[in-house]
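For reference, the structure is listed below as structure tokens.
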Amino acid sequence: MASSDITLEAVPSIGEVSPEDWDACANPGKALNEKACNGHGAGTSSALPGDSLGLSRPAYNPFVSHAFLSAAEKSGSATIRTGWAARHLVAKLDGRVAGVVPCYLKSHSQGEYVFDRGWADAYERAGGRYYPKLQVSVPFTPATGPRLLVRDGVDRDQIREALASGLVALCGVSKASSVHVTFAREDEWNLLAEHGFLQRTDQQFHWHNLGFASFDDFLSTLNSRHRKSIKRERRDALAAGITIHWLTGKDITEDAWDAFFGFYMETGSRKWGRPYLTREFFSLIGETMSQDVLLVMARRSGRWIAGAINFIGSDTLFGRNWGAVEHHPFLHFEVCYYQAIDFAIKHGLTHVEAGAQGEHKIARGYLPRTTHSAHFIADPGLRRAIDDYLKRERAYVAEAGRELAELGPFRKGADEAP
């Protein structure tokens, strides 16, 4: 198969690619599974019979789906106006879409969760122009997932090589300073390094399901101090007559979205100044992918008072945004962390990713896990400076991860009986 058979183009909207073609690249296993089920696949990551941890399920990442990315664009959340101008890279083989990359031409570094503002400041002080830059990511979403998306039935390595080379070429054509592939999978991280991308690491805190039958089963693996602390936090979180509700699929009404958006705006405005997602975004995902959404909502005295939005993958529950209009001790931990663990156990999911940062998650059973990003820097001088910095940063991240893992709440000896 000659490389000349592959053509590359950058499109200014995900609407330029059909949902069928995009999703065949983004989540090929799920697309084939749903086709086999005559289009009636639930998409909720329910475990297959006899597969309590879902190890046989086709891989599915909701964030790279056409529905999610289209909602971000159509809602006005990720657009030219907000500094996220789509430049999605599309590879075609004999005229058929064979691979895609979610990519944006950006005029700032907001909403990315991998911080390069210091690089931009240094380059601009030296007389350079850092923006625009190309960002390969899911807008406003610090969750690891595939970035070089290739459909089944083609030479996967060949298409991924073409996409990686295409990003470097797109950088030049766009007159961008750089390309940043964030929250990539490790195999993609290594592939991009072969194409001149610099390697960066960071860490998040994830929970891992060891085949637990219940939340109490998970608690039995913790040392006495942390086990008692979590039980107390869960009890105190609901002490004011608060009840917790899981909403997914058709249970998520527009009234529920209204309530959640109020939480999101109230908390997001305090944390970031201007929340990224519009109200329309939530309605759109409610229309197109509600079976992949879990709202954990807290209710008191007949009204919703707090909530967290999660997205359901084939083996992972991804916690995203949280907010509240009433503040109660430990309610944040209950809604965001403990309920996520409970849901994952009940639905046979192997991991919970609870978003960026937060060393306080360690005491609640979430341990450090390395995240990966790759950065192509066009200017040789800036590249050398960043390369030197990243070598030292990677060493620091690795050592910090080892030290933090030692702080985990799990039992370490026979004298720590449950």
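Identifiers in this document derive from the order of the structure tokens: chains are assigned A, B, ..., residues are numbered from 1 separately in each chain, and ligands are numbered from 1 in order of occurrence.
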
Nearby residues (only C-alpha atoms) at most 10 Å from range 277-285 of chain A, same-chain spacing under 2 positions excluded, as a PyMOL selection string: chain A and resi 67-78+139-140+252-254+257-258+260-262+264-265+268+274-275+287-293

Who sits within 12 Å of Arg402 in chain A, only C-alpha atoms, same chain under 6 positions skipped, as an MDAnalysis selection string: chainID A and resid 203 367:370 395:396 408

For the selection you just gave me, I'd like the residues written to a file as a CSV table (one decimal), in the first residue's frame, keeping C-alpha atoms.
```
chain,number,residue,atom,x,y,z
A,203,GLN,CA,0.1,13.0,37.4
A,367,LEU,CA,-3.5,6.8,43.9
A,368,PRO,CA,-1.1,8.7,41.6
A,369,ARG,CA,-1.0,7.8,38.0
A,370,THR,CA,1.3,9.3,35.3
A,395,ALA,CA,12.4,13.2,37.0
A,396,TYR,CA,10.5,15.3,39.6
A,408,GLY,CA,-1.8,5.6,50.2
```

Using only C-alpha atoms, what table do you get, as CSV, when you list each residue of range 147-229 of chain A with an atom no more than 6 Å from range 93-117 of chain A, its nearest pair of atoms, and their distance in Å rounded to one decimal, rows by chain then rising number?
```
residue,atom,partner,partner_atom,distance
A:Arg147,CA,A:Val101,CA,5.9
A:Leu148,CA,A:Val101,CA,5.4
A:Leu149,CA,A:Val100,CA,5.2
A:Val150,CA,A:Gly99,CA,4.2
A:Arg151,CA,A:Ala98,CA,5.6
```

Which of A:Phe410, A:Phe183, A:Trp207, A:Phe263 sits closest to Ala354 in chain A [using only C-alpha atoms]: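 With only C-alpha atoms as the atom set, the closest residue is A:Trp207.
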